[in-house]
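Chemist: Below is a structure I'd like to ask you about.
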Amino acid sequence: MDFAEQLKSSVDIVKTIGEYVRLKRVGSSPRYVGLCPFHSEKTPSFSVHSGHQFYKCFGCGAGGDVFKFVMEIERISFFEALKLLAERNGVAMPKREYSDPDSKLRGALMDMHEIAARAFQANLNGPAGAEARNYLHARNVPSEQVAEFGLGLSEASGQQLVRQFDSRFSPEQLDQSGLVMKRQEGSGYFDRFRGRLMFPIHNESGKVIAFGGRALRSGDEPKYLNSPETPLYRKSYVLYNLHRAKDSIRKSEYSVLVEGYMDVIGVYSAGIHNVVASCGTALTNTQVRALKRHAERIVVNFDPDAAGANAAERSIQMLLDENFQIRVLELEQELDPDEYVKQAGAEAYRGKLETAPAYFHWLADRARKKFDMRTVEGRIQGFKFVAPAIQRISDRLERFAVGNDVAHYLGVDERLVREHFSKGSVPRETPPPQPGAPLEERLLLKSLIASEEARVQAIPQLRKVAALDRYGTKNIFKALFSMHDDALPFRFADLEGRLSEADRDLLSAVVFADDRIGEETAIQVALDCLRKLEAVEPQSEVAALRAQIKAAESGGNLQEAMRLTAEFVRKASIGSTSRK
Ligand SMILES: [Zn+2]
């Protein structure tokens with residue numbers, strides 16, 4: 001067994017994927033389902049099989065083993081996925097170099113960020129950190145939070161990181177790090193961040209991948225300086241604090257979205273741990289989806305100024321598109337979340353969170369202030385102000401329900417609502433996974449996969465049965481037969497490896513279909529199926545085609561189904577003319 005195999009056998013795919021996706025077990029079966037992290041959906045079509053250790057999405061087709069999942073969700077290479085899983089599961093990785101240049105570069109950049117984070121923290125705790133410590137003290141940031149969030153201070157000289165990186169990293173690695181910059185005149189580098197309060201930014205697995213730096217003296221511009229985009233850091237993918245917040249988001253079933261680093265730290269130190277921030281921009285689609293993996297309810301608490309309101313507006317549009325249940329929290333006296341917690345206390349903020357109005361009521365309240373609600377025209381204008389947002393709700397029933405609710409709230413005739421929403425957008429729901437193949441095929445295939453003894457007893461006879469050729473799953477059977485010939489121990493991944501993509505999809509659908517076959521019953525089931533198959537009269541070609549079309553359709557292989565249908569029509573029409 002090579003290292004990858006060894007690691008894979010010691011890692012549980014359900015536990016690993018469960019850290020990114022809320023999975024629910026289907027009864028007592030080995031199947032777990034959840035919302036797909038790779039495409040937008042409302043009903044779960046993403047399945048994980050604990051027995052065979054693979055996942056499959058019946059909506060977008062994503063699928064594979066635990067390495068593939070980690071590679072796709074973390075957007076990293078195979079070697080990085082190995083390293084990440086090994087670290088997370090306490091398995092020692094054999095000493096070896098990263099083999100592809102991209103992984104090697106990202107590995108070096110990770111090391112540089114680790115070095116920088118440690119250096120910044122040491123600066124803050126050292127003699128040069130007095131001013132920054134005073135600033136944090138003045139803003140009431142307790143020292144536990146300073147440590148927990150890894151806050152630091154970049155040295156004013158601009159040479160600290162350059163010196164530490166000097167002999168260890170190549171010029172290309174320095175150029176790509178975002179931590180140091182080339183001098184415009186002469187040679188050499190200087191540190192990007194100088195004399196700033198440093199906030200490390202982590203990816204979802206908790207590694208430092210970027211920094212935000214806040215100016216400490218008024219007049220220092222810009223107030224916030226962030227890492228540029230690097231091979232490690234893509235702004236639009238990362239939410240500040242998500243790696244710390246995600247457990248709490250799941251437990252409380254909602255997240256709190258604020259604007260800045262200090263807001264996150266302020267709210268977090270009040271004991272509200274399910275708080276995240278987009279790093280200084282309006283939310284992106286990718287960030288919204290990352291949140292949705294953990295909970296679909298959210299409270300948006302942006303700054304009360306105009307910029308905050310605009311950012312809130314755009315973020316909310318993005319959240320509506322992903323079917324979030326949104327509430328909006330506006331704090332009185334123009335306070336931002338951090339200031340509010342400091343002034344009014346944690347309990348008061350918690351109360352505010354709990355009573356924050358649903359987005360549509362909040363919007364309707366804004367309409368009430370904007371238009372004259374004493375007149376019919378004013379109320380209709382108010383409704384029309386809210387309507388475009390309601391229109392974005394993709395589920396038709398929900399759209400009507402919210403529309404009615406808002407109409408009531410504003411005192412508008414419900415007929416207006418019906419007129420307005422009768423031609424809504426098309427709901428985007430994914431159909432539940434199809435069983436993939438008829439019951440008898442599924443049972444036979446599953447029993448052979450489940451039991452060595454079933455394979456030993458049934459395969460020699462099965463391969464002589466001509467009727468097996470009618471099965472849409474015949475290529476999977478053939479692969480099973482050839483594995484049996486090779487006399488290697490059966491492994492699900494090997495079977496998958498011998499199949500075309502379409503057959504792999506079919507196999508996933510069969511495996512995830514809810515028929516229960518235990519190891520004990522497998523032999524009996526296999527032999528029963530075998531007997532039935534042997535008893536089948538050789539069917540006419542047309543009937544056989546019909547069965548194949550059905551199998552191709554239910555397996556989602558539409559091209560094959562169309563090709564077979566054309567053949568079927570040709571053969572069926574020849575048959576009927578010759579019968580006349
Ligand atoms: Zn999907």
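Numbering starts fresh at 1 for the residues of each chain in the structure tokens, the chains themselves are lettered A, B, ... in the order given, and ligands are numbered from 1 as they appear.
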Using only C-alpha atoms and all ligand atoms, which residues of the polymer chains come no farther than 9 Å from ligand 1? I'd like the answer as an MDAnalysis selection string.

Modeler: chainID A and resid 35:41 44:46 56:63

Chemist: Using C-alpha atoms, can you write the selected residues to a file as a PDB file, in the first residue's frame?

Modeler:
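Generated output (selection-v8.pdb):
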```pdb
ATOM      1  CA  LEU A  35     -26.727  20.337  -0.035  1.00  0.00           C
ATOM      2  CA  CYS A  36     -24.068  20.173  -2.729  1.00  0.00           C
ATOM      3  CA  PRO A  37     -21.165  22.550  -2.064  1.00  0.00           C
ATOM      4  CA  PHE A  38     -20.337  22.647  -5.785  1.00  0.00           C
ATOM      5  CA  HIS A  39     -23.590  23.947  -7.205  1.00  0.00           C
ATOM      6  CA  SER A  40     -26.569  25.921  -6.033  1.00  0.00           C
ATOM      7  CA  GLU A  41     -29.498  23.831  -4.853  1.00  0.00           C
ATOM      8  CA  PRO A  44     -30.079  17.865  -1.328  1.00  0.00           C
ATOM      9  CA  SER A  45     -28.766  15.832  -4.236  1.00  0.00           C
ATOM     10  CA  PHE A  46     -25.303  15.406  -2.779  1.00  0.00           C
ATOM     11  CA  LYS A  56     -21.637  11.847  -5.697  1.00  0.00           C
ATOM     12  CA  CYS A  57     -23.853  14.798  -6.600  1.00  0.00           C
ATOM     13  CA  PHE A  58     -26.826  13.863  -8.756  1.00  0.00           C
ATOM     14  CA  GLY A  59     -27.412  17.525  -9.571  1.00  0.00           C
ATOM     15  CA  CYS A  60     -24.084  18.639 -11.049  1.00  0.00           C
ATOM     16  CA  GLY A  61     -22.260  15.332 -11.388  1.00  0.00           C
ATOM     17  CA  ALA A  62     -19.403  16.081  -8.991  1.00  0.00           C
ATOM     18  CA  GLY A  63     -18.086  12.937  -7.394  1.00  0.00           C
TER      19      GLY A  63
END
```

Chemist: Tell me which protein, DNA and RNA residues are within 12 Å of segment 436-441 of chain A, counting only C-alpha atoms, leaving out same-chain ones fewer than 3 positions away, and put them as a count of residues only.

Modeler: 53

Chemist: So, counting only C-alpha atoms, which residue among A:Arg563, A:Lys207, A:Lys235, A:Arg399 is closest to Ala387 of chain A?

Modeler: A:Arg399

Chemist: I'd like to know which of A:Val288, A:Val402, A:Val264, A:Ile523 is closest to Gln145 of chain A, using only C-alpha atoms.

Modeler: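 Checking each candidate against Gln145 of chain A, we get A:Val264 as the closest.
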
Chemist: Show which residues sit within 8 Å of Leu23 of chain A, as a PyMOL selection string. Count only C-alpha atoms, and ignore same-chain residues fewer than 3 positions away.

Modeler: chain A and resi 14+18+32-35

Chemist: For the residues selected in the previous step, produce a file with N, CA, C and O atoms as a CSV table (one decimal), in the first residue's frame.

Modeler:
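The resulting selection-v3.csv:
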```
chain,number,residue,atom,x,y,z
A,14,VAL,N,-17.0,10.5,5.6
A,14,VAL,CA,-18.2,11.2,6.1
A,14,VAL,C,-17.8,12.3,7.1
A,14,VAL,O,-18.3,13.4,7.1
A,18,GLY,N,-18.1,16.1,6.2
A,18,GLY,CA,-19.0,16.7,7.3
A,18,GLY,C,-18.5,18.0,7.8
A,18,GLY,O,-19.2,18.7,8.4
A,32,TYR,N,-25.4,9.2,3.3
A,32,TYR,CA,-25.6,10.5,3.9
A,32,TYR,C,-25.9,11.6,2.9
A,32,TYR,O,-25.2,11.5,1.8
A,33,VAL,N,-26.8,12.5,3.1
A,33,VAL,CA,-27.1,13.5,2.1
A,33,VAL,C,-26.9,14.9,2.7
A,33,VAL,O,-27.0,15.1,3.9
A,34,GLY,N,-26.7,15.8,1.7
A,34,GLY,CA,-26.6,17.2,2.1
A,34,GLY,C,-26.7,18.1,0.9
A,34,GLY,O,-26.8,17.6,-0.2
A,35,LEU,N,-26.7,19.4,1.1
A,35,LEU,CA,-26.7,20.3,0.0
A,35,LEU,C,-25.3,20.4,-0.7
A,35,LEU,O,-24.3,20.4,0.0
```

Chemist: Out of segment 223-429 of chain A, which residues get alpha helix (DSSP H) from DSSP, as number ranges by chain?

Modeler: A: 242-252, 261-269, 285-292, 306-321, 337-344, 346-355, 359-370, 376-391, 396-410, 414-421

Chemist: Set the distance at 7 Å and use only C-alpha atoms: which residues neighbour segment 190-203 of chain A once local chain neighbours fewer than 3 positions away are removed? I'd like the list as a PyMOL selection string.

Modeler: chain A and resi 117+132+150-159+161-162+179-183+206-216+238+240+243

Chemist: Just the residues within 12 Å of Glu72 of chain A, please, counting only C-alpha atoms, with nothing from its chain fewer than 5 positions along; format it as a list in words.

Modeler: Ile17, Tyr20, Pro37, Phe38, Ala62, Gly63, Gly64, Asp65, Val66, Phe67, Ser77, Phe78, Glu80 and Ala81 of chain A

Chemist: Smallest atom-to-atom distance to Val386 of chain A: which of A:Gly403, A:Gly518, A:Gly129, A:Gly51, using only C-alpha atoms?

Modeler: A:Gly403

Chemist: Please indicate the distance in Å from atom CA of Arg350 of chain A to atom CA of Glu398 of chain A, rounded to one decimal place.

Modeler: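 Result for atom CA of Arg350 of chain A versus atom CA of Glu398 of chain A: 28.4 Å, one decimal.
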
Chemist: Work out how far apart atom CA of Ala245 of chain A and atom CA of Gly90 of chain A are and give it in Å to one decimal.

Modeler: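 Atom CA of Ala245 of chain A sits 22.7 Å away from atom CA of Gly90 of chain A.
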
Chemist: What does the distance between atom CA of Thr43 of chain A and atom CA of Leu291 of chain A come to in Å, to one decimal place?

Modeler: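 These atoms are spaced 16.5 Å apart.
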
Chemist: Quick one: of A:Leu257, A:Ala116, A:Ala346, A:Ala311, who's nearest to Gly271 of chain A, counting only C-alpha atoms?

Modeler: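 The closest residue to Gly271 of chain A is A:Ala346.
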